[in-house]
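In what follows, a structure is listed as structure tokens, so that the remarks can point back to it.
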Amino acid sequence: MALLNSPLTVSILSAVVLISGLIAAWAVHRVKSLRRFSIPFSILVVAISGRLLAIGYSNEKFSRFWEKALIVGGSWLAVEVLRWLFTRFFFDRVLKLSVEEITKNIISVGLYIAVVLFLLPTVFGIEVTTVLTTSAILTVIIGLALQDLLGNLFAGVALNIEMPFSQGDWVTIGEDIGIVRAISWRTTKIVTMERDLIIIPNSVVARSVVKNLSVPAKRDVLILNMGVAYDASPNLVRSVLKEACARARHVHDEPEPIVRVISYGDFSINYEMRFWIDSYSQYKDARDEVYSLIWYLFKRHGVTIPYPVRDLFIKSASRKEEMERMAVLQDEKARQLRRVSLFSSLQDEDIERLAAVAPIMRYSKGETVVRQGNAGDSFFLIRSGRVRIVVEKAPGRNVDIATLGPEDYFGGMSLLTGEPRNATAITEIDTELLVIDKEMFNDILIAKPEIAEKLGEQLADRQLDREKKLAQAGDMRAPEPTKEQKRQLHERLFRRIMDFFQLK
């Protein structure tokens, strides 16, 4: 204490405290998360330095001033520390709650008001009741002038207390739909699907009907309506619409999509589809995907979307022209079937019979035509487009063994033996497929069972070629089968064909 009686020593000590304290405050300011502590810490350091000088030079008035500054700086720093403990530690780490910035500000204001109400009478000797009484008129004037701002302020406080939505939720506020980005003292900011920022005053939000699309669960139900021609049975339409939902990437399998008939319209039966997506942000992508798949599936199943009765639809083609067009299409299908090596043992009349009954089905880009392991009895000839053939060798490990184009085919094994699909076929672009199933092929084999042997031979060659490609994809060399092995495979496939079609 004797050292503090020397003015020089006190001055040096004060300077050391001031310089080291300000350096420490500068270092704190450079840390973004601690920046708000730098100003009250600086005031506290300056007050300590001044207090030391006042004590050293025995200046009572000077000492009382720096004492009050020391209390103010310490109180300010204490408020910031308490705010940090509440918002950063207690809410974030203990309660695991995401707190909006306005809530943090409300906590800060509450702490500051409490400190000010404590310091006014104890440190500065000012009675709080006197201050409130003398400022009543001024408060009324300011309140009238700032009523809109105060309305938004109190609405913001109410929104944070009630919490109808939080940051990251998809909401509908009036006619605006978007994701909540921030809730401030005055406004709520949302970003629409078009990436536009909408700033809505909190008082408007408080007066509007708010629909939170992310509560009670993040998953959202998407509702789409579809009108279908009267000649399509409801059971068929339901199965097709559910298949479209099942094929869509953004749609969940569970809960299962729901399809209902909702009305009989002037020109269509109207259906409602309900299915679940991860969040409202996928709304447009899921809607586009499902509607696109419906078009392709309707084409494949012969379901039509009717024209409105108010439209005039004139069909100019005559009956003769229509028959000629169908004949040209059938000739084209027959010509393509004749080029299929699997059907090389069929006669012209057999090919013509298949061409007459085989439908053409359209698939969109990225659709799975058949999936490995699924049951099937149909054969696919590519008329146009491109199909990727994938084999799953192990869970999560897929191998591309071929990319097929026009006049290539797949599915011959399932058509002739009924075996589950041994590969997955995925369209790479919009694709047209000519489809032949067991029922179409049945009459041909019953009439000419002798061709079953040739078909078994063709299947055996294709099976060996597939195994060779799989080995090459795995950087392995497939052993060349012996004649006996080929004969046994041919015999086995021949017997399967005979059993599958119940031939003697």
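Identifiers for the structure tokens are assigned positionally: chains receive A, B, ... in sequence, residues are indexed from 1 per chain, and ligands are indexed from 1 in the order shown.
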Find the residues around Ala25 in chain A up to 12 Å (only C-alpha atoms counted), leave out those fewer than 3 positions away in its own chain, and share them as a list of chain:residue names.
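My list of contacting residues is A:Val17, A:Leu18, A:Ile19, A:Ser20, A:Gly21, A:Leu22, A:Val28, A:His29, A:Arg30, A:Val31, A:Leu34, A:Arg35, A:Arg36, A:Phe37, A:Ser38, A:Ile39, A:Pro40, A:Phe41, A:Ser42, A:Ile43, A:Leu44, A:Val45, A:Val46.
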Got a sec to tell me which of range 157-329 of chain A DSSP assigns to strand (DSSP E or B), as a VMD selection string?
chain A and resid 170 to 173 176 to 183 187 to 191 197 to 201 210 to 212 220 to 228 258 to 264 269 to 277
Can those selected residues be exported to a file as a PDB file, in the first residue's frame so that it contains C-alpha atoms?
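Contents of out.pdb, as written:
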ATOM      1  CA  TRP A 170     -42.292 -23.120 -44.361  1.00  0.00           C
ATOM      2  CA  VAL A 171     -45.233 -20.812 -43.684  1.00  0.00           C
ATOM      3  CA  THR A 172     -48.171 -19.157 -45.416  1.00  0.00           C
ATOM      4  CA  ILE A 173     -48.734 -15.577 -44.227  1.00  0.00           C
ATOM      5  CA  ASP A 176     -47.268 -15.186 -49.293  1.00  0.00           C
ATOM      6  CA  ILE A 177     -45.600 -18.616 -49.002  1.00  0.00           C
ATOM      7  CA  GLY A 178     -41.971 -19.005 -48.039  1.00  0.00           C
ATOM      8  CA  ILE A 179     -39.369 -20.250 -45.584  1.00  0.00           C
ATOM      9  CA  VAL A 180     -38.728 -18.138 -42.482  1.00  0.00           C
ATOM     10  CA  ARG A 181     -35.236 -16.632 -42.532  1.00  0.00           C
ATOM     11  CA  ALA A 182     -35.355 -14.218 -39.569  1.00  0.00           C
ATOM     12  CA  ILE A 183     -37.669 -12.660 -36.989  1.00  0.00           C
ATOM     13  CA  THR A 187     -40.234  -7.517 -39.263  1.00  0.00           C
ATOM     14  CA  THR A 188     -40.390 -11.161 -40.260  1.00  0.00           C
ATOM     15  CA  LYS A 189     -38.370 -12.124 -43.339  1.00  0.00           C
ATOM     16  CA  ILE A 190     -39.376 -15.065 -45.569  1.00  0.00           C
ATOM     17  CA  VAL A 191     -37.838 -16.360 -48.796  1.00  0.00           C
ATOM     18  CA  LEU A 197     -37.127 -12.001 -50.089  1.00  0.00           C
ATOM     19  CA  ILE A 198     -40.381 -10.755 -48.560  1.00  0.00           C
ATOM     20  CA  ILE A 199     -40.208  -8.484 -45.495  1.00  0.00           C
ATOM     21  CA  ILE A 200     -43.483  -8.448 -43.550  1.00  0.00           C
ATOM     22  CA  PRO A 201     -44.082  -6.086 -40.585  1.00  0.00           C
ATOM     23  CA  VAL A 210     -50.579 -17.990 -40.398  1.00  0.00           C
ATOM     24  CA  LYS A 211     -50.329 -21.553 -41.692  1.00  0.00           C
ATOM     25  CA  ASN A 212     -47.202 -23.414 -40.599  1.00  0.00           C
ATOM     26  CA  ASP A 220     -45.775 -32.445 -45.862  1.00  0.00           C
ATOM     27  CA  VAL A 221     -48.847 -33.868 -47.587  1.00  0.00           C
ATOM     28  CA  LEU A 222     -49.150 -32.953 -51.256  1.00  0.00           C
ATOM     29  CA  ILE A 223     -52.639 -33.019 -52.787  1.00  0.00           C
ATOM     30  CA  LEU A 224     -53.065 -33.249 -56.577  1.00  0.00           C
ATOM     31  CA  ASN A 225     -56.244 -33.545 -58.624  1.00  0.00           C
ATOM     32  CA  MET A 226     -56.636 -35.441 -61.894  1.00  0.00           C
ATOM     33  CA  GLY A 227     -59.557 -35.727 -64.328  1.00  0.00           C
ATOM     34  CA  VAL A 228     -59.864 -39.051 -66.202  1.00  0.00           C
ATOM     35  CA  ILE A 258     -54.159 -42.285 -51.036  1.00  0.00           C
ATOM     36  CA  VAL A 259     -56.274 -42.002 -54.208  1.00  0.00           C
ATOM     37  CA  ARG A 260     -59.983 -41.154 -53.989  1.00  0.00           C
ATOM     38  CA  VAL A 261     -62.813 -40.406 -56.408  1.00  0.00           C
ATOM     39  CA  ILE A 262     -64.041 -36.940 -55.412  1.00  0.00           C
ATOM     40  CA  SER A 263     -66.665 -36.074 -58.060  1.00  0.00           C
ATOM     41  CA  TYR A 264     -68.242 -36.852 -61.420  1.00  0.00           C
ATOM     42  CA  ILE A 269     -64.244 -38.526 -63.259  1.00  0.00           C
ATOM     43  CA  ASN A 270     -62.184 -36.424 -60.867  1.00  0.00           C
ATOM     44  CA  TYR A 271     -59.645 -38.059 -58.554  1.00  0.00           C
ATOM     45  CA  GLU A 272     -57.667 -36.723 -55.607  1.00  0.00           C
ATOM     46  CA  MET A 273     -54.158 -37.978 -54.804  1.00  0.00           C
ATOM     47  CA  ARG A 274     -52.596 -37.505 -51.360  1.00  0.00           C
ATOM     48  CA  PHE A 275     -48.958 -38.422 -50.814  1.00  0.00           C
ATOM     49  CA  TRP A 276     -46.116 -37.441 -48.511  1.00  0.00           C
ATOM     50  CA  ILE A 277     -42.902 -35.565 -49.299  1.00  0.00           C
TER      51      ILE A 277
END
Taking only C-alpha atoms into account, which of A:Trp185, A:Phe494, A:Trp84, A:Phe441 comes nearest Val357 in chain A?
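Using only C-alpha atoms, Val357 in chain A sits closest to A:Phe441.
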What is the distance, in Å and to one decimal place, between CA of Arg421 in chain A and CA of Leu236 in chain A?
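Answer for the CA of Arg421 in chain A to CA of Leu236 in chain A separation: 24.5 Å.
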Within 10 Å of range 321-338 of chain A: each range 345-456 of chain A residue with its shortest pair, only C-alpha atoms, as a tab-separated table:
residue	atom	partner	partner_atom	distance
A:Ser345	CA	A:Arg338	CA	9.8
A:Leu346	CA	A:Arg338	CA	8.5
A:Gln347	CA	A:Arg338	CA	9.2
A:Asp348	CA	A:Arg338	CA	8.2
A:Glu349	CA	A:Ala334	CA	9.8
A:Asp350	CA	A:Ala334	CA	9.6
A:Ile351	CA	A:Ala334	CA	5.9
A:Glu352	CA	A:Ala334	CA	5.8
A:Arg353	CA	A:Ala334	CA	8.7
A:Leu354	CA	A:Ala334	CA	7.7
A:Ala355	CA	A:Ala334	CA	5.2
A:Ala356	CA	A:Gln330	CA	6.1
A:Val357	CA	A:Gln330	CA	9.2
A:Ala358	CA	A:Lys333	CA	8.5
A:Pro359	CA	A:Lys333	CA	9.7
A:Ile360	CA	A:Lys333	CA	9.2
A:Leu381	CA	A:Leu337	CA	7.9
A:Ile382	CA	A:Gln336	CA	9.2
A:Arg383	CA	A:Gln336	CA	7.9
A:Pro406	CA	A:Gln336	CA	9.4
A:Glu407	CA	A:Gln336	CA	6.5
A:Asp408	CA	A:Gln336	CA	9.6
A:Tyr409	CA	A:Leu337	CA	9.9
A:Leu434	CA	A:Lys333	CA	7.9
Written selection (C-alpha atoms) as an mmCIF file, in the first residue's frame:
data_model
loop_
_atom_site.group_PDB
_atom_site.id
_atom_site.type_symbol
_atom_site.label_atom_id
_atom_site.label_comp_id
_atom_site.auth_asym_id
_atom_site.auth_seq_id
_atom_site.Cartn_x
_atom_site.Cartn_y
_atom_site.Cartn_z
ATOM 1 C CA SER A 345 -37.098 -69.728 -85.273
ATOM 2 C CA LEU A 346 -40.548 -68.110 -85.677
ATOM 3 C CA GLN A 347 -42.386 -68.113 -88.989
ATOM 4 C CA ASP A 348 -43.741 -64.976 -90.678
ATOM 5 C CA GLU A 349 -47.296 -65.704 -89.568
ATOM 6 C CA ASP A 350 -46.064 -66.001 -85.947
ATOM 7 C CA ILE A 351 -44.309 -62.630 -86.194
ATOM 8 C CA GLU A 352 -47.408 -61.036 -87.734
ATOM 9 C CA ARG A 353 -49.567 -62.414 -84.922
ATOM 10 C CA LEU A 354 -47.257 -60.951 -82.290
ATOM 11 C CA ALA A 355 -47.065 -57.595 -84.090
ATOM 12 C CA ALA A 356 -50.851 -57.364 -84.149
ATOM 13 C CA VAL A 357 -51.290 -57.731 -80.385
ATOM 14 C CA ALA A 358 -48.047 -56.332 -78.923
ATOM 15 C CA PRO A 359 -48.622 -52.828 -77.476
ATOM 16 C CA ILE A 360 -46.169 -49.940 -77.629
ATOM 17 C CA LEU A 381 -37.997 -54.614 -77.671
ATOM 18 C CA ILE A 382 -36.610 -51.073 -77.824
ATOM 19 C CA ARG A 383 -38.247 -49.141 -80.676
ATOM 20 C CA PRO A 406 -33.170 -49.253 -80.818
ATOM 21 C CA GLU A 407 -33.871 -52.879 -81.870
ATOM 22 C CA ASP A 408 -32.069 -54.286 -78.813
ATOM 23 C CA TYR A 409 -34.171 -56.318 -76.396
ATOM 24 C CA LEU A 434 -42.690 -53.026 -77.790
#
In Å, how far is it from CA of Pro234 in chain A to CA of Ser292 in chain A?
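Here the two named atoms are 20.1 Å from each other.
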Measure the distance from CA of Lys448 in chain A to CA of Gln502 in chain A in Å and round it to one decimal.
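Between CA of Lys448 in chain A and CA of Gln502 in chain A the gap is 12.8 Å.
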Contacts of Thr368 in chain A within 7 Å, only C-alpha atoms, excl. fewer than 3 positions in-chain, as a PyMOL selection string
chain A and resi 371+425-427
Selected residues written out, N, CA and C atoms, as a PDB file, in the first residue's frame:
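Result saved to selection_8.pdb:
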ATOM      1  N   ARG A 371     -37.242 -54.421 -62.387  1.00  0.00           N
ATOM      2  CA  ARG A 371     -36.284 -54.389 -61.285  1.00  0.00           C
ATOM      3  C   ARG A 371     -35.805 -55.802 -60.972  1.00  0.00           C
ATOM      4  N   ALA A 425     -33.603 -52.688 -65.453  1.00  0.00           N
ATOM      5  CA  ALA A 425     -33.544 -51.909 -66.688  1.00  0.00           C
ATOM      6  C   ALA A 425     -34.052 -50.496 -66.403  1.00  0.00           C
ATOM      7  N   ILE A 426     -33.225 -49.482 -66.695  1.00  0.00           N
ATOM      8  CA  ILE A 426     -33.563 -48.080 -66.418  1.00  0.00           C
ATOM      9  C   ILE A 426     -33.428 -47.281 -67.708  1.00  0.00           C
ATOM     10  N   THR A 427     -34.451 -46.504 -68.038  1.00  0.00           N
ATOM     11  CA  THR A 427     -34.396 -45.684 -69.253  1.00  0.00           C
ATOM     12  C   THR A 427     -33.461 -44.499 -69.035  1.00  0.00           C
TER      13      THR A 427
END
From the set A:Ala402, A:Cys245, A:Leu342, A:Met163, which residue has the shortest atom-to-atom contact distance to Arg462 in chain A, counting only C-alpha atoms?
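Ranking A:Ala402, A:Cys245, A:Leu342, A:Met163 by distance to Arg462 in chain A, first place goes to A:Leu342.
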